[in-house]
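**Student:** This is the content of data_12.txt (compact mmCIF, C-alpha atoms and all ligand atoms):
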# COMPACT_ATOMS: atom_id res chain seq x y z
CA MET A 1 -2.80 1.57 -21.80
CA PRO A 2 -3.36 -0.85 -18.93
CA GLY A 3 -2.80 0.25 -15.35
CA LEU A 4 -4.57 2.13 -12.59
CA LEU A 5 -4.64 5.87 -11.91
CA LEU A 6 -5.51 7.62 -8.65
CA GLY A 7 -9.28 7.66 -8.24
CA ASP A 8 -9.82 4.61 -10.47
CA GLU A 9 -12.00 1.88 -9.04
CA ALA A 10 -10.18 -1.39 -8.31
CA PRO A 11 -11.03 -3.96 -10.99
CA ASN A 12 -13.22 -6.70 -9.58
CA PHE A 13 -10.95 -9.50 -10.80
CA GLU A 14 -11.20 -13.16 -9.83
CA ALA A 15 -7.97 -14.90 -8.91
CA ASP A 16 -6.52 -18.01 -7.32
CA THR A 17 -4.64 -17.27 -4.11
CA THR A 18 -3.02 -19.11 -1.22
CA TYR A 19 -6.38 -18.62 0.57
CA GLY A 20 -8.43 -20.07 -2.32
CA ARG A 21 -10.26 -18.31 -5.13
CA ILE A 22 -11.24 -14.69 -4.46
CA ARG A 23 -13.21 -11.90 -6.07
CA PHE A 24 -11.34 -8.73 -5.29
CA HIS A 25 -14.29 -6.54 -4.24
CA ASP A 26 -15.61 -9.27 -1.94
CA PHE A 27 -12.13 -9.67 -0.51
CA LEU A 28 -11.89 -5.92 0.21
CA GLY A 29 -15.40 -5.66 1.67
CA ASP A 30 -15.75 -2.28 3.40
CA SER A 31 -12.10 -2.16 4.45
CA TRP A 32 -9.12 -0.29 3.13
CA GLY A 33 -6.85 -2.56 1.09
CA ILE A 34 -3.22 -2.86 0.09
CA LEU A 35 -2.18 -4.89 -2.95
CA PHE A 36 1.59 -5.29 -3.34
CA SER A 37 3.26 -7.17 -6.14
CA HIS A 38 6.48 -9.20 -6.31
CA PRO A 39 8.68 -10.19 -9.25
CA ARG A 40 8.92 -13.89 -8.47
CA ASP A 41 8.73 -16.56 -5.76
CA PHE A 42 11.92 -17.80 -4.08
CA THR A 43 13.79 -14.54 -4.70
CA PRO A 44 15.84 -12.82 -1.99
CA VAL A 45 14.46 -9.27 -1.83
CA CYS A 46 10.86 -10.50 -2.11
CA THR A 47 11.42 -12.93 0.76
CA THR A 48 12.64 -10.15 3.05
CA GLU A 49 9.70 -7.93 2.03
CA LEU A 50 7.06 -10.59 2.63
CA GLY A 51 8.69 -11.47 5.95
CA ARG A 52 8.44 -7.84 7.05
CA ALA A 53 4.87 -7.52 5.73
CA ALA A 54 3.88 -10.62 7.72
CA LYS A 55 5.38 -9.16 10.91
CA LEU A 56 3.51 -5.89 10.34
CA ALA A 57 0.15 -7.58 9.61
CA PRO A 58 -1.27 -6.65 13.07
CA GLU A 59 -0.45 -2.98 12.35
CA PHE A 60 -2.33 -3.09 9.03
CA SER A 61 -5.22 -4.89 10.71
CA LYS A 62 -5.37 -2.21 13.45
CA ARG A 63 -5.83 0.34 10.66
CA ASN A 64 -8.56 -1.75 8.99
CA VAL A 65 -6.37 -2.44 5.93
CA LYS A 66 -6.70 -5.83 4.24
CA MET A 67 -3.42 -7.07 2.81
CA ILE A 68 -2.91 -9.09 -0.36
CA ALA A 69 0.28 -9.84 -2.29
CA LEU A 70 0.76 -10.94 -5.91
CA SER A 71 3.55 -12.87 -7.58
CA ILE A 72 3.78 -14.46 -11.00
CA ASP A 73 3.99 -18.08 -9.90
CA SER A 74 1.46 -20.80 -9.05
CA VAL A 75 -0.42 -21.27 -5.77
CA GLN A 76 1.65 -24.43 -5.19
CA ASP A 77 4.90 -22.44 -5.53
CA HIS A 78 3.52 -19.68 -3.30
CA LEU A 79 2.65 -22.17 -0.55
CA ALA A 80 6.12 -23.74 -0.66
CA TRP A 81 7.67 -20.24 -0.62
CA CYS A 82 5.53 -19.27 2.42
CA LYS A 83 7.38 -21.95 4.39
CA ASP A 84 10.69 -20.24 3.56
CA ILE A 85 9.25 -16.81 4.46
CA ASN A 86 8.03 -18.06 7.84
CA ALA A 87 11.41 -19.72 8.48
CA TYR A 88 13.17 -16.46 7.48
CA ASN A 89 11.07 -14.75 10.17
CA GLY A 90 12.21 -17.33 12.70
CA ASN A 91 8.77 -18.98 12.82
CA GLU A 92 7.46 -22.49 12.15
CA PRO A 93 7.82 -23.16 8.39
CA THR A 94 4.07 -23.38 7.71
CA GLU A 95 2.31 -22.58 4.43
CA LYS A 96 0.21 -19.79 5.99
CA LEU A 97 1.02 -16.09 5.97
CA PRO A 98 -1.39 -13.58 7.58
CA PHE A 99 -2.51 -12.52 4.07
CA PRO A 100 -3.11 -14.29 0.75
CA ILE A 101 -0.75 -14.24 -2.24
CA ILE A 102 -2.37 -14.07 -5.67
CA ALA A 103 -1.08 -16.56 -8.27
CA ASP A 104 -0.62 -14.71 -11.56
CA ALA A 105 1.39 -17.35 -13.39
CA ASN A 106 0.17 -16.22 -16.84
CA ARG A 107 0.79 -12.50 -15.97
CA GLU A 108 -2.79 -11.59 -17.00
CA LEU A 109 -3.44 -9.51 -13.89
CA SER A 110 0.04 -7.97 -13.89
CA VAL A 111 -0.59 -6.73 -17.45
CA GLN A 112 -4.09 -5.47 -16.61
CA LEU A 113 -2.79 -3.56 -13.58
CA GLY A 114 0.34 -2.20 -15.33
CA MET A 115 2.71 -4.02 -12.99
CA LEU A 116 5.37 -5.43 -15.33
CA ASP A 117 8.99 -4.22 -15.12
CA PRO A 118 10.37 -4.17 -18.71
CA ASP A 119 13.98 -4.22 -17.46
CA GLU A 120 13.78 -7.36 -15.33
CA ARG A 121 13.24 -10.61 -17.20
CA ASP A 122 13.25 -14.29 -16.34
CA LYS A 123 15.49 -16.86 -18.02
CA ASP A 124 13.01 -17.14 -20.90
CA GLY A 125 13.11 -13.38 -21.51
CA MET A 126 9.63 -12.79 -20.04
CA PRO A 127 9.22 -9.56 -18.02
CA LEU A 128 8.89 -9.89 -14.23
CA THR A 129 6.46 -7.98 -12.05
CA ALA A 130 7.70 -4.73 -10.55
CA ARG A 131 7.16 -3.89 -6.86
CA VAL A 132 3.86 -2.06 -7.01
CA VAL A 133 1.98 -0.74 -3.97
CA PHE A 134 -1.69 0.04 -4.50
CA ILE A 135 -3.74 1.31 -1.56
CA PHE A 136 -7.52 1.34 -1.98
CA GLY A 137 -10.03 3.18 0.20
CA PRO A 138 -13.26 1.67 1.54
CA ASP A 139 -14.92 3.07 -1.63
CA LYS A 140 -12.57 0.71 -3.59
CA LYS A 141 -10.94 3.71 -5.32
CA LEU A 142 -7.16 3.91 -5.70
CA LYS A 143 -5.76 6.32 -3.07
CA LEU A 144 -2.05 5.68 -3.57
CA SER A 145 0.16 4.05 -6.15
CA VAL A 146 3.94 3.58 -5.86
CA LEU A 147 6.04 1.72 -8.38
CA TYR A 148 9.47 0.38 -7.40
CA PRO A 149 11.70 -1.53 -9.80
CA ALA A 150 12.33 -5.20 -9.02
CA THR A 151 15.82 -4.44 -7.70
CA THR A 152 14.69 -2.00 -4.93
CA GLY A 153 12.96 -3.41 -1.86
CA ARG A 154 10.20 -1.35 -0.24
CA ASN A 155 10.12 0.17 3.24
CA PHE A 156 7.00 -1.14 4.95
CA ASP A 157 7.32 1.33 7.84
CA GLU A 158 6.93 4.07 5.23
CA ILE A 159 3.89 2.29 3.78
CA LEU A 160 2.26 2.26 7.24
CA ARG A 161 3.10 5.96 7.67
CA VAL A 162 1.42 6.65 4.34
CA VAL A 163 -1.68 4.70 5.41
CA ASP A 164 -1.85 6.90 8.52
CA SER A 165 -1.67 10.01 6.35
CA LEU A 166 -4.24 8.71 3.84
CA GLN A 167 -6.69 7.81 6.57
CA LEU A 168 -6.28 11.12 8.41
CA THR A 169 -6.55 13.28 5.29
CA ALA A 170 -9.56 11.28 4.01
CA TYR A 171 -11.63 12.46 6.96
CA LYS A 172 -10.12 15.83 8.04
CA LYS A 173 -9.36 18.89 5.93
CA VAL A 174 -5.63 18.61 6.49
CA ALA A 175 -2.52 17.55 4.61
CA THR A 176 0.59 15.98 6.14
CA PRO A 177 3.92 17.80 5.65
CA VAL A 178 7.33 16.43 4.78
CA ASP A 179 8.48 13.53 6.98
CA TRP A 180 5.23 13.73 8.97
CA LYS A 181 4.69 11.21 11.76
CA PRO A 182 1.39 10.57 13.61
CA ASP A 183 0.75 12.89 16.58
CA THR A 184 2.83 15.73 15.11
CA SER A 185 1.33 18.87 13.56
CA VAL A 186 -0.46 18.76 10.24
CA MET A 187 -1.22 21.48 7.70
CA VAL A 188 -4.56 23.07 6.90
CA ILE A 189 -5.39 22.49 3.23
CA PRO A 190 -5.02 25.61 1.05
CA SER A 191 -8.65 25.62 -0.14
CA LEU A 192 -10.05 26.04 3.40
CA PRO A 193 -10.66 29.74 4.30
CA ASP A 194 -9.19 31.00 7.62
CA ASP A 195 -12.58 31.56 9.30
CA GLU A 196 -13.73 28.01 8.56
CA ALA A 197 -10.35 26.60 9.59
CA LYS A 198 -10.62 28.34 12.98
CA LYS A 199 -13.99 26.65 13.57
CA LEU A 200 -12.82 23.24 12.36
CA PHE A 201 -9.59 23.20 14.37
CA PRO A 202 -10.33 24.46 17.90
CA ALA A 203 -6.81 23.42 19.04
CA GLY A 204 -5.57 26.45 17.09
CA ILE A 205 -3.83 27.36 13.87
CA PHE A 206 -0.21 28.50 13.81
CA THR A 207 1.00 30.41 10.78
CA LYS A 208 4.64 30.82 9.80
CA GLU A 209 5.65 34.26 8.58
CA LEU A 210 7.20 34.24 5.11
CA PRO A 211 8.94 36.91 2.96
CA SER A 212 6.00 36.85 0.53
CA GLY A 213 3.64 37.88 3.34
CA LYS A 214 1.33 35.09 2.23
CA LYS A 215 0.00 33.07 5.15
CA TYR A 216 -0.16 29.68 3.51
CA LEU A 217 1.94 27.70 6.00
CA ARG A 218 -0.91 26.98 8.44
CA TYR A 219 -0.24 24.26 11.02
CA THR A 220 -2.64 22.72 13.50
CA PRO A 221 -2.07 19.91 16.04
CA HIS A 222 -2.92 16.39 14.80
CA PRO A 223 -6.75 16.42 14.99
CA LYS A 224 -8.26 13.66 17.12
C1 LIG A 301 14.56 -10.27 -5.60
O1 LIG A 301 13.46 -10.42 -5.08
O2 LIG A 301 15.58 -10.44 -4.96
C2 LIG A 301 14.67 -9.89 -7.06
C3 LIG A 301 13.73 -10.32 -7.97
C4 LIG A 301 13.86 -9.95 -9.30
C5 LIG A 301 14.92 -9.15 -9.71
C6 LIG A 301 15.83 -8.70 -8.77
C7 LIG A 301 15.71 -9.07 -7.45
Spit out the file's structure as structure tokens when you get a sec.
**Tutor:**
Amino acid sequence: MPGLLLGDEAPNFEADTTYGRIRFHDFLGDSWGILFSHPRDFTPVCTTELGRAAKLAPEFSKRNVKMIALSIDSVQDHLAWCKDINAYNGNEPTEKLPFPIIADANRELSVQLGMLDPDERDKDGMPLTARVVFIFGPDKKLKLSVLYPATTGRNFDEILRVVDSLQLTAYKKVATPVDWKPDTSVMVIPSLPDDEAKKLFPAGIFTKELPSGKKYLRYTPHPK
């Protein structure tokens, strides 16, 4: 069954993009990476998503995350669509976005990566790409995968929030609770014993009392 699971290494595919031909591992380099797919060029929801992604490009760059989109049309179509996306953002209608768009006109990559939405088809009955978000770590392993149907646009503020959580939890022995935002308290991971946690988190650990008497709700301030 094609597709990617958490922990899988990103396939080192070659593809044509609006920035020329790329090899995915070379493109990622030592950075984090986000690959997000789109059902089709010149479609309304996709245009709003790519417009938002373009506006947020400096935020992804600040976090050392390389962005790349994919849609199942040609490079030529992508470049013409980029003009519309820039105009939608109120900018000059140029062919350049701050990230490349992969051309997957024959759907080869979409099949390999498990991106097709069986419920959304083009006029010829061919399945369109779903809205997939893959986030890869600097080790090129898949850290997050979210799959939205073609009819539901993504929230790119949420994607940035998730990047913040992934990057924090990759390096510190913490997990982020429900609706977490940067600079608010995080939780000590269950596998870390209390004595080690006290040493690792000098800002302190705050435990919430529970009817079970088990002290598993352990908070600590966002580690620096
Ligand atoms: C859209 O981007 O608007 C879209 C694309 C395919 C199916 C539904 C919506």
**Student:** How would you report the residues lying within 12 Å of ligand LIG 301 (chain A), as a ChimeraX atom specification, if you count all atoms listed in the file?
**Tutor:** /A:37-50,71-72,116-123,126-131,148-154
**Student:** Enter the distance from atom CA of Pro138 of chain A to atom CA of Leu5 of chain A, in Å, rounded to one decimal.
**Tutor:**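 Atom-to-atom, atom CA of Pro138 of chain A and atom CA of Leu5 of chain A are spaced 16.5 Å apart.
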**Student:** Hey, can you check how far atom CA of Lys214 of chain A sits from atom CA of Phe201 of chain A?
**Tutor:**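 Those two atoms sit 20.2 Å apart.
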**Student:** Quick one, how far is atom CA of Ala53 of chain A from atom CA of Phe156 of chain A?
**Tutor:**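 Taking atom CA of Ala53 of chain A and atom CA of Phe156 of chain A, their separation equals 6.8 Å.
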**Student:** Restricting the calculation to only C-alpha atoms: of A:Leu4, A:Ile135, A:Leu79, A:Met187, which residue gets closest to Gln112 of chain A?
**Tutor:**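 Answer, going by the shortest atom-to-atom distance: A:Leu4.
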**Student:** Excluding segment 7-22 of chain A and residues on its chain fewer than 5 positions from it, collect all residues at most 6 Å away from it, counting all atoms listed in the file, and give them as a short mmCIF file (atom, residue, chain, number, x, y, z; two decimals) with C-alpha atoms, keeping the file's coordinate frame.
**Tutor:**
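As written to disk, out13.cif reads:
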data_model
loop_
_atom_site.label_atom_id
_atom_site.label_comp_id
_atom_site.auth_asym_id
_atom_site.auth_seq_id
_atom_site.Cartn_x
_atom_site.Cartn_y
_atom_site.Cartn_z
CA VAL A 75 -0.42 -21.27 -5.77
CA PRO A 100 -3.11 -14.29 0.75
CA ILE A 101 -0.75 -14.24 -2.24
CA ILE A 102 -2.37 -14.07 -5.67
CA ALA A 103 -1.08 -16.56 -8.27
CA LYS A 140 -12.57 0.71 -3.59
CA LYS A 141 -10.94 3.71 -5.32
CA LEU A 142 -7.16 3.91 -5.70
#
**Student:** I'd like to know which of A:Ser212, A:Thr220, A:Asn91, A:Asn64 is closest to Phe136 of chain A, using only C-alpha atoms.
**Tutor:**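 Comparing A:Ser212, A:Thr220, A:Asn91, A:Asn64 against Phe136 of chain A, the winner is A:Asn64.
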**Student:** With distances taken over only C-alpha atoms, which residue among A:Val111, A:Ala69, A:Ala54, A:Leu144 lies nearest Ala87 of chain A?
**Tutor:**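 Smallest distance to Ala87 of chain A is found for A:Ala54.
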**Student:** From the options A:Ala57, A:Val163, A:Ala105, A:Leu97, which residue's atoms come nearest to Ser74 of chain A, counting all atoms listed in the file?
**Tutor:**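 Selected residue with least distance to Ser74 of chain A: A:Ala105.
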**Student:** With a distance cut-off of 12 Å and all atoms listed in the file, select the neighbouring residues of Ser31 of chain A, excluding the residue or stretch itself and same-chain residues fewer than 3 positions from it, and output the selection as a VMD selection string.
**Tutor:** chain A and resid 24 to 28 34 60 to 67 135 to 141 167
**Student:** Regenerate segment 196-217 of chain A at the level of N, CA, C and O atoms and dump it as a short mmCIF file (atom, residue, chain, number, x, y, z; two decimals), in the coordinates of the input.
**Tutor:**
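So the final result, stored in out-v3.cif, reads:
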data_model
loop_
_atom_site.label_atom_id
_atom_site.label_comp_id
_atom_site.auth_asym_id
_atom_site.auth_seq_id
_atom_site.Cartn_x
_atom_site.Cartn_y
_atom_site.Cartn_z
N GLU A 196 -13.24 29.40 8.43
CA GLU A 196 -13.73 28.01 8.56
C GLU A 196 -12.70 27.15 9.29
O GLU A 196 -13.04 26.30 10.11
N ALA A 197 -11.43 27.38 8.96
CA ALA A 197 -10.35 26.60 9.59
C ALA A 197 -10.37 26.80 11.10
O ALA A 197 -10.21 25.84 11.87
N LYS A 198 -10.61 28.06 11.53
CA LYS A 198 -10.62 28.34 12.98
C LYS A 198 -11.72 27.53 13.67
O LYS A 198 -11.54 27.03 14.77
N LYS A 199 -12.87 27.42 12.98
CA LYS A 199 -13.99 26.65 13.57
C LYS A 199 -13.67 25.16 13.58
O LYS A 199 -13.99 24.44 14.53
N LEU A 200 -13.06 24.69 12.49
CA LEU A 200 -12.82 23.24 12.36
C LEU A 200 -11.71 22.74 13.28
O LEU A 200 -11.68 21.57 13.64
N PHE A 201 -10.76 23.63 13.59
CA PHE A 201 -9.59 23.20 14.37
C PHE A 201 -9.49 24.02 15.66
O PHE A 201 -8.68 24.95 15.76
N PRO A 202 -10.30 23.67 16.66
CA PRO A 202 -10.33 24.46 17.90
C PRO A 202 -9.00 24.43 18.66
O PRO A 202 -8.76 25.29 19.50
N ALA A 203 -8.13 23.46 18.36
CA ALA A 203 -6.81 23.42 19.04
C ALA A 203 -5.93 24.57 18.58
O ALA A 203 -4.87 24.81 19.17
N GLY A 204 -6.32 25.28 17.53
CA GLY A 204 -5.57 26.45 17.09
C GLY A 204 -4.83 26.24 15.78
O GLY A 204 -4.55 25.11 15.39
N ILE A 205 -4.56 27.39 15.14
CA ILE A 205 -3.83 27.36 13.87
C ILE A 205 -2.61 28.26 14.02
O ILE A 205 -2.73 29.39 14.51
N PHE A 206 -1.47 27.76 13.64
CA PHE A 206 -0.21 28.50 13.81
C PHE A 206 0.36 28.77 12.43
O PHE A 206 0.59 27.83 11.66
N THR A 207 0.55 30.04 12.13
CA THR A 207 1.00 30.41 10.78
C THR A 207 2.46 30.84 10.82
O THR A 207 2.86 31.59 11.72
N LYS A 208 3.24 30.39 9.86
CA LYS A 208 4.64 30.82 9.80
C LYS A 208 4.76 32.02 8.87
O LYS A 208 4.22 32.01 7.77
N GLU A 209 5.45 33.05 9.38
CA GLU A 209 5.65 34.26 8.58
C GLU A 209 6.64 33.96 7.45
O GLU A 209 7.65 33.29 7.67
N LEU A 210 6.35 34.49 6.28
CA LEU A 210 7.20 34.24 5.11
C LEU A 210 7.48 35.56 4.40
O LEU A 210 6.68 36.50 4.51
N PRO A 211 8.61 35.66 3.66
CA PRO A 211 8.94 36.91 2.96
C PRO A 211 7.82 37.37 2.03
O PRO A 211 7.59 38.57 1.85
N SER A 212 7.08 36.46 1.45
CA SER A 212 6.00 36.85 0.53
C SER A 212 4.84 37.52 1.25
O SER A 212 3.99 38.15 0.61
N GLY A 213 4.78 37.35 2.58
CA GLY A 213 3.64 37.88 3.34
C GLY A 213 2.41 37.00 3.21
O GLY A 213 1.36 37.27 3.82
N LYS A 214 2.49 35.97 2.41
CA LYS A 214 1.33 35.09 2.23
C LYS A 214 1.30 34.09 3.39
O LYS A 214 2.32 33.48 3.71
N LYS A 215 0.10 33.92 3.95
CA LYS A 215 0.00 33.07 5.15
C LYS A 215 -0.50 31.68 4.77
O LYS A 215 -1.56 31.26 5.17
N TYR A 216 0.32 31.00 3.96
CA TYR A 216 -0.16 29.68 3.51
C TYR A 216 0.43 28.52 4.31
O TYR A 216 -0.01 27.38 4.17
N LEU A 217 1.41 28.79 5.15
CA LEU A 217 1.94 27.70 6.00
C LEU A 217 1.14 27.69 7.29
O LEU A 217 1.52 28.29 8.29
#
